[in-house]
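File shown here: coords28.pdb, holding PDB, C-alpha atoms and all ligand atoms.
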```
ATOM      1  CA  MET A   1     -11.427  36.468   2.923  1.00  0.00           C
ATOM      2  CA  LEU A   2     -12.238  33.228   4.669  1.00  0.00           C
ATOM      3  CA  LYS A   3     -10.673  32.641   8.068  1.00  0.00           C
ATOM      4  CA  LEU A   4      -9.396  29.261   9.221  1.00  0.00           C
ATOM      5  CA  TYR A   5      -8.689  28.779  12.919  1.00  0.00           C
ATOM      6  CA  ILE A   6      -6.014  26.189  13.658  1.00  0.00           C
ATOM      7  CA  SER A   7      -3.475  25.151  16.229  1.00  0.00           C
ATOM      8  CA  PRO A   8      -0.032  24.293  14.857  1.00  0.00           C
ATOM      9  CA  GLY A   9       0.026  20.781  16.362  1.00  0.00           C
ATOM     10  CA  SER A  10      -3.544  19.737  15.515  1.00  0.00           C
ATOM     11  CA  PRO A  11      -3.683  16.958  12.903  1.00  0.00           C
ATOM     12  CA  TYR A  12      -7.326  17.788  12.115  1.00  0.00           C
ATOM     13  CA  ALA A  13      -6.442  21.414  11.472  1.00  0.00           C
ATOM     14  CA  ARG A  14      -3.513  20.183   9.377  1.00  0.00           C
ATOM     15  CA  ILE A  15      -5.909  18.257   7.131  1.00  0.00           C
ATOM     16  CA  ALA A  16      -7.802  21.483   6.419  1.00  0.00           C
ATOM     17  CA  ARG A  17      -4.563  23.429   5.887  1.00  0.00           C
ATOM     18  CA  ILE A  18      -3.385  20.818   3.383  1.00  0.00           C
ATOM     19  CA  VAL A  19      -6.627  21.198   1.426  1.00  0.00           C
ATOM     20  CA  VAL A  20      -6.194  25.005   1.447  1.00  0.00           C
ATOM     21  CA  LEU A  21      -2.746  24.575  -0.109  1.00  0.00           C
ATOM     22  CA  GLU A  22      -3.710  21.805  -2.528  1.00  0.00           C
ATOM     23  CA  LYS A  23      -6.625  23.915  -3.783  1.00  0.00           C
ATOM     24  CA  LYS A  24      -4.350  26.979  -4.035  1.00  0.00           C
ATOM     25  CA  LEU A  25      -6.620  28.900  -1.698  1.00  0.00           C
ATOM     26  CA  ASP A  26      -3.855  30.306   0.478  1.00  0.00           C
ATOM     27  CA  GLU A  27      -4.458  33.875  -0.723  1.00  0.00           C
ATOM     28  CA  ARG A  28      -8.173  33.570   0.039  1.00  0.00           C
ATOM     29  CA  VAL A  29      -7.944  31.905   3.447  1.00  0.00           C
ATOM     30  CA  GLU A  30      -6.426  33.731   6.401  1.00  0.00           C
ATOM     31  CA  ILE A  31      -4.947  31.320   8.945  1.00  0.00           C
ATOM     32  CA  SER A  32      -5.431  32.284  12.581  1.00  0.00           C
ATOM     33  CA  ILE A  33      -3.977  30.480  15.589  1.00  0.00           C
ATOM     34  CA  ALA A  34      -6.628  29.709  18.201  1.00  0.00           C
ATOM     35  CA  ARG A  35      -5.854  29.355  21.899  1.00  0.00           C
ATOM     36  CA  THR A  36      -7.418  25.959  22.638  1.00  0.00           C
ATOM     37  CA  ARG A  37      -7.686  24.073  25.936  1.00  0.00           C
ATOM     38  CA  THR A  38      -7.374  27.253  28.023  1.00  0.00           C
ATOM     39  CA  THR A  39      -9.901  28.427  30.575  1.00  0.00           C
ATOM     40  CA  ASP A  40     -11.820  31.460  29.277  1.00  0.00           C
ATOM     41  CA  SER A  41      -9.916  31.599  25.987  1.00  0.00           C
ATOM     42  CA  PRO A  42     -11.164  34.476  23.811  1.00  0.00           C
ATOM     43  CA  TYR A  43     -11.463  31.834  21.059  1.00  0.00           C
ATOM     44  CA  TYR A  44     -14.578  30.444  22.765  1.00  0.00           C
ATOM     45  CA  ARG A  45     -16.412  33.594  21.692  1.00  0.00           C
ATOM     46  CA  VAL A  46     -15.529  32.729  18.089  1.00  0.00           C
ATOM     47  CA  ASN A  47     -16.200  28.985  18.321  1.00  0.00           C
ATOM     48  CA  PRO A  48     -18.030  27.913  21.482  1.00  0.00           C
ATOM     49  CA  SER A  49     -16.912  24.279  21.072  1.00  0.00           C
ATOM     50  CA  GLY A  50     -13.307  25.486  21.367  1.00  0.00           C
ATOM     51  CA  ARG A  51     -12.150  22.995  18.740  1.00  0.00           C
ATOM     52  CA  VAL A  52     -10.011  23.498  15.664  1.00  0.00           C
ATOM     53  CA  PRO A  53     -10.220  23.528  12.719  1.00  0.00           C
ATOM     54  CA  TYR A  54     -12.973  26.113  12.400  1.00  0.00           C
ATOM     55  CA  LEU A  55     -13.706  27.989   9.188  1.00  0.00           C
ATOM     56  CA  ILE A  56     -15.455  31.340   9.003  1.00  0.00           C
ATOM     57  CA  ARG A  57     -16.995  31.603   5.555  1.00  0.00           C
ATOM     58  CA  GLU A  58     -17.119  34.843   3.591  1.00  0.00           C
ATOM     59  CA  ASP A  59     -20.762  35.262   4.675  1.00  0.00           C
ATOM     60  CA  GLY A  60     -19.636  35.117   8.317  1.00  0.00           C
ATOM     61  CA  VAL A  61     -21.041  31.661   9.046  1.00  0.00           C
ATOM     62  CA  GLY A  62     -18.709  29.296  10.909  1.00  0.00           C
ATOM     63  CA  LEU A  63     -18.128  25.616  10.091  1.00  0.00           C
ATOM     64  CA  GLU A  64     -16.809  22.875  12.386  1.00  0.00           C
ATOM     65  CA  GLU A  65     -15.369  19.432  11.555  1.00  0.00           C
ATOM     66  CA  SER A  66     -12.386  18.911   9.290  1.00  0.00           C
ATOM     67  CA  ALA A  67     -14.372  16.796   6.790  1.00  0.00           C
ATOM     68  CA  VAL A  68     -17.084  19.471   6.437  1.00  0.00           C
ATOM     69  CA  ILE A  69     -14.508  22.268   6.148  1.00  0.00           C
ATOM     70  CA  CYS A  70     -12.503  20.335   3.540  1.00  0.00           C
ATOM     71  CA  ARG A  71     -15.608  19.622   1.487  1.00  0.00           C
ATOM     72  CA  TYR A  72     -16.578  23.306   1.601  1.00  0.00           C
ATOM     73  CA  LEU A  73     -13.087  24.456   0.554  1.00  0.00           C
ATOM     74  CA  ASP A  74     -12.900  21.814  -2.165  1.00  0.00           C
ATOM     75  CA  HIS A  75     -16.198  22.949  -3.696  1.00  0.00           C
ATOM     76  CA  LEU A  76     -15.436  26.687  -3.620  1.00  0.00           C
ATOM     77  CA  ASP A  77     -14.065  26.728  -7.176  1.00  0.00           C
ATOM     78  CA  GLY A  78     -16.845  24.525  -8.554  1.00  0.00           C
ATOM     79  CA  THR A  79     -14.374  21.803  -9.580  1.00  0.00           C
ATOM     80  CA  PRO A  80     -13.968  19.535  -6.562  1.00  0.00           C
ATOM     81  CA  ASP A  81     -10.902  17.297  -6.436  1.00  0.00           C
ATOM     82  CA  PHE A  82     -11.740  15.351  -3.297  1.00  0.00           C
ATOM     83  CA  ASP A  83     -15.283  14.050  -3.782  1.00  0.00           C
ATOM     84  CA  LEU A  84     -15.852  10.343  -3.203  1.00  0.00           C
ATOM     85  CA  PRO A  85     -15.234   8.110  -6.203  1.00  0.00           C
ATOM     86  CA  THR A  86     -18.223   6.361  -7.745  1.00  0.00           C
ATOM     87  CA  GLY A  87     -19.196   2.688  -7.975  1.00  0.00           C
ATOM     88  CA  ASP A  88     -17.479   0.045  -5.825  1.00  0.00           C
ATOM     89  CA  GLN A  89     -14.649   2.446  -5.093  1.00  0.00           C
ATOM     90  CA  GLU A  90     -17.067   4.646  -3.123  1.00  0.00           C
ATOM     91  CA  TRP A  91     -17.421   1.986  -0.414  1.00  0.00           C
ATOM     92  CA  GLU A  92     -13.709   1.342  -0.479  1.00  0.00           C
ATOM     93  CA  ALA A  93     -13.028   5.052   0.021  1.00  0.00           C
ATOM     94  CA  LEU A  94     -15.501   5.158   2.923  1.00  0.00           C
ATOM     95  CA  ARG A  95     -14.052   1.979   4.455  1.00  0.00           C
ATOM     96  CA  LEU A  96     -10.454   3.189   4.215  1.00  0.00           C
ATOM     97  CA  GLY A  97     -11.421   6.694   5.329  1.00  0.00           C
ATOM     98  CA  ALA A  98     -12.962   5.244   8.485  1.00  0.00           C
ATOM     99  CA  LEU A  99      -9.827   3.171   9.071  1.00  0.00           C
ATOM    100  CA  ALA A 100      -7.582   6.230   8.739  1.00  0.00           C
ATOM    101  CA  SER A 101      -9.841   8.307  11.037  1.00  0.00           C
ATOM    102  CA  SER A 102      -9.869   5.491  13.544  1.00  0.00           C
ATOM    103  CA  LEU A 103      -6.074   5.597  13.801  1.00  0.00           C
ATOM    104  CA  LEU A 104      -6.071   9.401  13.974  1.00  0.00           C
ATOM    105  CA  ASP A 105      -8.847   9.589  16.595  1.00  0.00           C
ATOM    106  CA  GLY A 106      -7.022   7.113  18.829  1.00  0.00           C
ATOM    107  CA  LEU A 107      -3.730   8.972  18.462  1.00  0.00           C
ATOM    108  CA  SER A 108      -5.470  12.208  19.420  1.00  0.00           C
ATOM    109  CA  VAL A 109      -6.759  10.685  22.644  1.00  0.00           C
ATOM    110  CA  TRP A 110      -3.221   9.429  23.331  1.00  0.00           C
ATOM    111  CA  GLY A 111      -1.742  12.857  22.586  1.00  0.00           C
ATOM    112  CA  ARG A 112      -4.254  14.608  24.803  1.00  0.00           C
ATOM    113  CA  GLU A 113      -3.385  12.254  27.647  1.00  0.00           C
ATOM    114  CA  VAL A 114       0.388  12.737  27.429  1.00  0.00           C
ATOM    115  CA  SER A 115      -0.058  16.521  27.243  1.00  0.00           C
ATOM    116  CA  ARG A 116      -1.581  16.585  30.718  1.00  0.00           C
ATOM    117  CA  PRO A 117       0.553  17.169  33.821  1.00  0.00           C
ATOM    118  CA  LEU A 118       2.149  13.830  34.838  1.00  0.00           C
ATOM    119  CA  ASN A 119      -0.030  13.424  37.923  1.00  0.00           C
ATOM    120  CA  GLU A 120      -3.185  13.720  35.796  1.00  0.00           C
ATOM    121  CA  GLN A 121      -2.187  11.179  33.125  1.00  0.00           C
ATOM    122  CA  SER A 122      -3.878   7.791  32.995  1.00  0.00           C
ATOM    123  CA  PRO A 123      -1.442   4.922  32.256  1.00  0.00           C
ATOM    124  CA  THR A 124      -4.509   2.793  31.393  1.00  0.00           C
ATOM    125  CA  VAL A 125      -5.649   5.196  28.666  1.00  0.00           C
ATOM    126  CA  ILE A 126      -2.109   5.569  27.324  1.00  0.00           C
ATOM    127  CA  ARG A 127      -1.671   1.770  27.193  1.00  0.00           C
ATOM    128  CA  HIS A 128      -5.053   1.294  25.512  1.00  0.00           C
ATOM    129  CA  GLU A 129      -4.275   3.872  22.829  1.00  0.00           C
ATOM    130  CA  THR A 130      -0.694   2.663  22.319  1.00  0.00           C
ATOM    131  CA  ASP A 131      -2.000  -0.867  21.714  1.00  0.00           C
ATOM    132  CA  ARG A 132      -4.746   0.376  19.401  1.00  0.00           C
ATOM    133  CA  ALA A 133      -2.216   2.344  17.339  1.00  0.00           C
ATOM    134  CA  THR A 134       0.054  -0.731  17.097  1.00  0.00           C
ATOM    135  CA  ARG A 135      -2.808  -2.856  15.757  1.00  0.00           C
ATOM    136  CA  MET A 136      -3.988  -0.170  13.330  1.00  0.00           C
ATOM    137  CA  VAL A 137      -0.496   0.428  11.919  1.00  0.00           C
ATOM    138  CA  ASP A 138      -0.246  -3.337  11.242  1.00  0.00           C
ATOM    139  CA  VAL A 139      -3.552  -3.170   9.354  1.00  0.00           C
ATOM    140  CA  TRP A 140      -2.310  -0.201   7.332  1.00  0.00           C
ATOM    141  CA  GLU A 141       0.891  -2.026   6.321  1.00  0.00           C
ATOM    142  CA  THR A 142      -1.440  -4.282   4.303  1.00  0.00           C
ATOM    143  CA  GLU A 143      -4.053  -1.743   3.217  1.00  0.00           C
ATOM    144  CA  ILE A 144      -1.396   0.610   1.875  1.00  0.00           C
ATOM    145  CA  ASP A 145      -1.295  -1.578  -1.270  1.00  0.00           C
ATOM    146  CA  HIS A 146      -4.863  -0.533  -2.104  1.00  0.00           C
ATOM    147  CA  SER A 147      -5.174   1.365  -5.384  1.00  0.00           C
ATOM    148  CA  LEU A 148      -6.836   4.301  -3.576  1.00  0.00           C
ATOM    149  CA  MET A 149      -3.692   4.767  -1.494  1.00  0.00           C
ATOM    150  CA  ARG A 150      -1.451   4.922  -4.552  1.00  0.00           C
ATOM    151  CA  GLY A 151      -3.391   7.087  -7.010  1.00  0.00           C
ATOM    152  CA  LYS A 152      -4.178  10.789  -7.067  1.00  0.00           C
ATOM    153  CA  LEU A 153      -4.227  12.530  -3.666  1.00  0.00           C
ATOM    154  CA  ASN A 154      -7.501  11.950  -1.814  1.00  0.00           C
ATOM    155  CA  PRO A 155      -8.930  12.525   1.690  1.00  0.00           C
ATOM    156  CA  VAL A 156      -7.973   9.027   2.900  1.00  0.00           C
ATOM    157  CA  GLN A 157      -4.341   9.627   1.999  1.00  0.00           C
ATOM    158  CA  ILE A 158      -4.387  13.053   3.662  1.00  0.00           C
ATOM    159  CA  THR A 159      -5.871  11.642   6.878  1.00  0.00           C
ATOM    160  CA  LEU A 160      -3.426   8.726   7.045  1.00  0.00           C
ATOM    161  CA  GLY A 161      -0.485  11.024   6.242  1.00  0.00           C
ATOM    162  CA  CYS A 162      -1.491  13.386   9.071  1.00  0.00           C
ATOM    163  CA  ALA A 163      -1.963  10.462  11.476  1.00  0.00           C
ATOM    164  CA  LEU A 164       1.480   8.968  10.738  1.00  0.00           C
ATOM    165  CA  GLY A 165       2.995  12.462  10.837  1.00  0.00           C
ATOM    166  CA  LEU A 166       2.153  12.578  14.537  1.00  0.00           C
ATOM    167  CA  GLU A 167       5.430  10.693  15.106  1.00  0.00           C
ATOM    168  CA  ARG A 168       6.955  14.181  15.251  1.00  0.00           C
ATOM    169  CA  ARG A 169       4.686  15.134  18.142  1.00  0.00           C
ATOM    170  CA  TYR A 170       4.640  11.936  20.166  1.00  0.00           C
ATOM    171  CA  ARG A 171       8.044  10.461  20.795  1.00  0.00           C
ATOM    172  CA  ASP A 172       6.522   7.102  21.727  1.00  0.00           C
ATOM    173  CA  PHE A 173       4.550   6.747  18.491  1.00  0.00           C
ATOM    174  CA  ARG A 174       7.193   4.669  16.713  1.00  0.00           C
ATOM    175  CA  TRP A 175       5.371   3.052  13.839  1.00  0.00           C
ATOM    176  CA  ARG A 176       8.206   2.551  11.341  1.00  0.00           C
ATOM    177  CA  ASP A 177       9.803  -0.711  12.527  1.00  0.00           C
ATOM    178  CA  GLY A 178       8.391  -3.712  10.668  1.00  0.00           C
ATOM    179  CA  HIS A 179       6.315  -1.543   8.306  1.00  0.00           C
ATOM    180  CA  PRO A 180       8.523  -0.959   5.250  1.00  0.00           C
ATOM    181  CA  LYS A 181       5.656  -0.316   2.821  1.00  0.00           C
ATOM    182  CA  LEU A 182       4.166   2.313   5.106  1.00  0.00           C
ATOM    183  CA  VAL A 183       7.593   3.939   5.516  1.00  0.00           C
ATOM    184  CA  ASP A 184       7.952   4.105   1.734  1.00  0.00           C
ATOM    185  CA  TRP A 185       4.411   5.469   1.250  1.00  0.00           C
ATOM    186  CA  PHE A 186       4.819   8.071   3.982  1.00  0.00           C
ATOM    187  CA  GLY A 187       8.199   9.172   2.608  1.00  0.00           C
ATOM    188  CA  GLN A 188       6.484  10.165  -0.612  1.00  0.00           C
ATOM    189  CA  ILE A 189       3.422  11.947   0.761  1.00  0.00           C
ATOM    190  CA  ASP A 190       5.368  13.718   3.499  1.00  0.00           C
ATOM    191  CA  THR A 191       7.520  15.555   0.962  1.00  0.00           C
ATOM    192  CA  ARG A 192       4.552  17.063  -0.904  1.00  0.00           C
ATOM    193  CA  PRO A 193       4.785  20.837  -0.443  1.00  0.00           C
ATOM    194  CA  SER A 194       1.362  20.934   1.288  1.00  0.00           C
ATOM    195  CA  PHE A 195       2.612  18.406   3.854  1.00  0.00           C
ATOM    196  CA  ALA A 196       6.058  19.946   4.270  1.00  0.00           C
ATOM    197  CA  MET A 197       4.521  23.410   4.819  1.00  0.00           C
ATOM    198  CA  THR A 198       2.181  22.157   7.545  1.00  0.00           C
ATOM    199  CA  ALA A 199       4.495  19.772   9.425  1.00  0.00           C
ATOM    200  CA  PRO A 200       3.613  19.783  13.129  1.00  0.00           C
ATOM    201  CA  PRO A 201       6.123  21.102  15.649  1.00  0.00           C
ATOM    202  CA  ALA A 202       8.113  18.430  17.507  1.00  0.00           C
ATOM    203  CA  GLY A 203       6.450  17.499  20.784  1.00  0.00           C
ATOM    204  CA  HIS A 204       6.582  15.217  23.805  1.00  0.00           C
TER     205      HIS A 204
HETATM  206  N1  LIG B   1     -13.671  15.593  14.646  1.00  0.00           N
HETATM  207  C1  LIG B   1     -13.035  16.886  14.739  1.00  0.00           C
HETATM  208  C2  LIG B   1     -11.920  16.807  15.771  1.00  0.00           C
HETATM  209  C3  LIG B   1     -11.303  18.173  16.064  1.00  0.00           C
HETATM  210  C4  LIG B   1     -10.463  18.129  17.347  1.00  0.00           C
HETATM  211  O1  LIG B   1     -10.593  17.270  18.208  1.00  0.00           O
HETATM  212  N2  LIG B   1      -9.549  19.114  17.476  1.00  0.00           N
HETATM  213  C5  LIG B   1      -8.727  19.210  18.644  1.00  0.00           C
HETATM  214  C6  LIG B   1      -7.285  19.509  18.242  1.00  0.00           C
HETATM  215  S1  LIG B   1      -6.517  18.130  17.503  1.00  0.00           S
HETATM  216  C7  LIG B   1      -9.176  20.401  19.476  1.00  0.00           C
HETATM  217  O2  LIG B   1      -9.570  21.406  18.939  1.00  0.00           O
HETATM  218  N3  LIG B   1      -9.095  20.299  20.809  1.00  0.00           N
HETATM  219  C8  LIG B   1      -9.409  21.383  21.682  1.00  0.00           C
HETATM  220  C9  LIG B   1     -10.423  21.019  22.709  1.00  0.00           C
HETATM  221  O3  LIG B   1     -10.820  19.852  22.748  1.00  0.00           O
HETATM  222  O4  LIG B   1     -10.822  21.910  23.468  1.00  0.00           O
HETATM  223  C10 LIG B   1     -12.523  17.296  13.349  1.00  0.00           C
HETATM  224  O5  LIG B   1     -12.312  16.411  12.507  1.00  0.00           O
HETATM  225  O6  LIG B   1     -12.380  18.510  13.095  1.00  0.00           O
END
```
Using structure tokens, write down the structure that the file contains.
Amino acid sequence: MLKLYISPGSPYARIARIVVLEKKLDERVEISIARTRTTDSPYYRVNPSGRVPYLIREDGVGLEESAVICRYLDHLDGTPDFDLPTGDQEWEALRLGALASSLLDGLSVWGREVSRPLNEQSPTVIRHETDRATRMVDVWETEIDHSLMRGKLNPVQITLGCALGLERRYRDFRWRDGHPKLVDWFGQIDTRPSFAMTAPPAGH
């Protein structure tokens, strides 16, 4: 068995969980909930960085970083589904992947901030990240027409789907108004079984 450490609300862990399900690896990968962001959590003895996702391979070696974990899981059966496309599309996949990660990374900083006790939250950070998310969602309303966003499931789509799915966790992340194409796109990806089965719990 492989062991995947997650937290139910983590969008990065969700990306790895979606790949587990898409690759039909759920009987080979045990999911374990890690106690993150807690002083002296026993999880730090498993993964000293304390982050999720974290994958323990069958040989006992641990892997960090959702992209590395997804690539490892995708290659386990020798027929990867999520490798980069070739030719010009490779740069497009890298460009769009960076754009999706940029939205997700900013939302994670925002989420971390609003999870703190009120007297420890920084209104400046929250404002900065709210504005960044607004700009990035506008960009995505245009980029969503790209052929890579419409074809077969790929890592860019998974990352963007997990970023937009954070609306369930952060009440103030209201991206739908004025973005009809994104709403339509998200409506389709969000009903895939791998997305439905990993939906984050409602949050702040
Ligand atoms: N770049 C990393 C980001 C992982 C990450 O930031 N995970 C957060 C949860 S969303 C975490 O584990 N936070 C716990 C901590 O920072 O101690 C990836 O893609 O896996």
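Between atom C3 of ligand LIG 1 (chain B) and CA of Glu92 (chain A) the separation is 23.7 Å.
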Centre and edge lengths, as lines of an AutoDock Vina configuration file, for the axis-aligned box enclosing every listed atom of ligand LIG 1 (chain B) with 3 Å of padding on each of the six sides, in Å to one decimal?
```
center_x = -10.1
center_y = 18.8
center_z = 18.0
size_x = 13.2
size_y = 12.3
size_z = 17.0
```
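Of the residues under consideration (A:Asp77, A:Asp190, A:Glu64, A:Glu90), A:Glu64 shows the shortest atom-to-atom contact distance to ligand LIG 1 (chain B) when counting all atoms listed in the file.
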Can you check which parts of region 10-103 of chain A lie within 9 Å of region 148-167 of chain A? Per residue, the shortest pair of atoms and distance in Å to one decimal, counting only C-alpha atoms, sorted by chain and number, as CSV.
```
residue,atom,partner,partner_atom,distance
A:Pro11,CA,A:Cys162,CA,5.7
A:Tyr12,CA,A:Cys162,CA,7.9
A:Arg14,CA,A:Cys162,CA,7.1
A:Ile15,CA,A:Ile158,CA,6.4
A:Ile18,CA,A:Ile158,CA,7.8
A:Val19,CA,A:Ile158,CA,8.7
A:Ala67,CA,A:Pro155,CA,8.6
A:Cys70,CA,A:Pro155,CA,8.8
A:Asp81,CA,A:Asn154,CA,7.8
A:Phe82,CA,A:Asn154,CA,5.6
A:Asp83,CA,A:Asn154,CA,8.3
A:Leu84,CA,A:Asn154,CA,8.6
A:Gln89,CA,A:Leu148,CA,8.2
A:Glu92,CA,A:Leu148,CA,8.1
A:Ala93,CA,A:Val156,CA,7.0
A:Leu94,CA,A:Val156,CA,8.5
A:Leu96,CA,A:Val156,CA,6.5
A:Gly97,CA,A:Val156,CA,4.8
A:Ala98,CA,A:Val156,CA,8.4
A:Leu99,CA,A:Val156,CA,8.7
A:Ala100,CA,A:Leu160,CA,5.1
A:Ser101,CA,A:Thr159,CA,6.6
A:Leu103,CA,A:Ala163,CA,6.8
```
What residues have any atom no more than 6 Å from ligand LIG 1 (chain B) when counting all atoms listed in the file, and can you list them as a compact mmCIF listing (two decimals) with C-alpha atoms, in the frame of the given file?
```txt
# COMPACT_ATOMS: atom_id res chain seq x y z
CA SER A 10 -3.54 19.74 15.52
CA PRO A 11 -3.68 16.96 12.90
CA TYR A 12 -7.33 17.79 12.12
CA THR A 36 -7.42 25.96 22.64
CA ARG A 37 -7.69 24.07 25.94
CA GLY A 50 -13.31 25.49 21.37
CA ARG A 51 -12.15 23.00 18.74
CA VAL A 52 -10.01 23.50 15.66
CA PRO A 53 -10.22 23.53 12.72
CA GLU A 65 -15.37 19.43 11.56
CA SER A 66 -12.39 18.91 9.29
```
Of A:Ile6, A:Lys24, A:Asp138, A:Trp91, the one sitting nearest Asp74 (chain A) when using all atoms listed in the file is A:Lys24
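Using only C-alpha atoms for every distance, the candidate list A:Thr198, A:Ser122, A:Ala34, A:Leu107 yields A:Leu107 as the residue closest to Trp175 (chain A).
Residue nearest Glu58 (chain A), chosen from A:Leu2, A:Ile33, A:Val139, A:Val109 and counting all atoms listed in the file: A:Leu2.
If all atoms listed in the file are the atoms counted, then among A:Asn47, A:Glu129, A:Ile69, A:Asp59 the closest residue to Ala13 (chain A) is A:Ile69.
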Can you work out which one of A:Gln188, A:Thr39, A:Ser194, A:Ser102 has the shortest atom-to-atom distance to Val137 (chain A), counting only C-alpha atoms? A:Ser102
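Atom pair CA of Ser32 (chain A) / CA of Leu4 (chain A): separated by 6.0 Å.
CA of Gly203 (chain A) is positioned 9.2 Å from CA of Ser115 (chain A).
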Got a sec: who's within 9 Å of Gly62 (chain A), counting all atoms listed in the file, leaving out chain neighbours fewer than 6 positions off, as a PyMOL selection string? chain A and resi 46-47+54-56
Using all atoms listed in the file, which protein or nucleic acid residues come within 9 Å of Leu73 (chain A)? Drop anything in the same chain fewer than 5 positions from it, and give the result as a list in words. Ala16, Val19, Val20, Lys23, Leu25, Val68 and Pro80 of chain A
Preceding selection exported with C-alpha atoms as a short mmCIF file (atom, residue, chain, number, x, y, z; two decimals), in the coordinates of the input:
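Writing done, so here's selection_8.cif:
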```cif
data_model
loop_
_atom_site.label_atom_id
_atom_site.label_comp_id
_atom_site.auth_asym_id
_atom_site.auth_seq_id
_atom_site.Cartn_x
_atom_site.Cartn_y
_atom_site.Cartn_z
CA ALA A 16 -7.80 21.48 6.42
CA VAL A 19 -6.63 21.20 1.43
CA VAL A 20 -6.19 25.00 1.45
CA LYS A 23 -6.62 23.92 -3.78
CA LEU A 25 -6.62 28.90 -1.70
CA VAL A 68 -17.08 19.47 6.44
CA PRO A 80 -13.97 19.54 -6.56
#
```
Extract, using only C-alpha atoms, all DNA, RNA and protein residues at most 12 Å from Gly178 (chain A), discarding same-chain residues fewer than 6 positions from it, and format them as an MDAnalysis selection string. chainID A and resid 134 137:138 140:142 184
Output the residue selection produced by the PyMOL selection byres (((chain A and resi 200) around 7) and not hetatm) on the file above, formatted as a count of residues only. 8
When the PyMOL selection byres (((chain A and resi 30) around 9) and not hetatm) is applied to the file above, which residues end up in the set, as a PyMOL selection string? chain A and resi 1-5+26-29+31-32
Could you get me a file of region 146-173 of chain A with C-alpha atoms, as a tab-separated table (two decimals), in the first residue's frame, taken from the block above?
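Contents of selection.tsv, as written:
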```
chain	number	residue	atom	x	y	z
A	146	HIS	CA	-8.37	27.62	-24.59
A	147	SER	CA	-8.49	24.16	-26.16
A	148	LEU	CA	-6.49	22.71	-23.24
A	149	MET	CA	-9.28	23.73	-20.86
A	150	ARG	CA	-11.94	21.97	-22.92
A	151	GLY	CA	-10.32	18.67	-23.91
A	152	LYS	CA	-9.43	15.58	-21.91
A	153	LEU	CA	-8.83	16.12	-18.18
A	154	ASN	CA	-5.34	17.46	-17.48
A	155	PRO	CA	-3.39	18.93	-14.53
A	156	VAL	CA	-4.27	22.54	-15.45
A	157	GLN	CA	-7.97	21.75	-15.33
A	158	ILE	CA	-7.58	19.91	-12.01
A	159	THR	CA	-5.68	22.83	-10.45
A	160	LEU	CA	-8.17	25.45	-11.67
A	161	GLY	CA	-11.12	23.29	-10.58
A	162	CYS	CA	-9.64	22.94	-7.08
A	163	ALA	CA	-8.91	26.68	-6.91
A	164	LEU	CA	-12.47	27.68	-7.89
A	165	GLY	CA	-13.84	24.98	-5.58
A	166	LEU	CA	-12.46	26.97	-2.66
A	167	GLU	CA	-15.68	29.04	-2.84
A	168	ARG	CA	-17.05	26.37	-0.49
A	169	ARG	CA	-14.36	27.13	2.07
A	170	TYR	CA	-14.11	30.90	1.84
A	171	ARG	CA	-17.43	32.67	1.95
A	172	ASP	CA	-15.89	35.85	0.55
A	173	PHE	CA	-14.43	34.15	-2.53
```
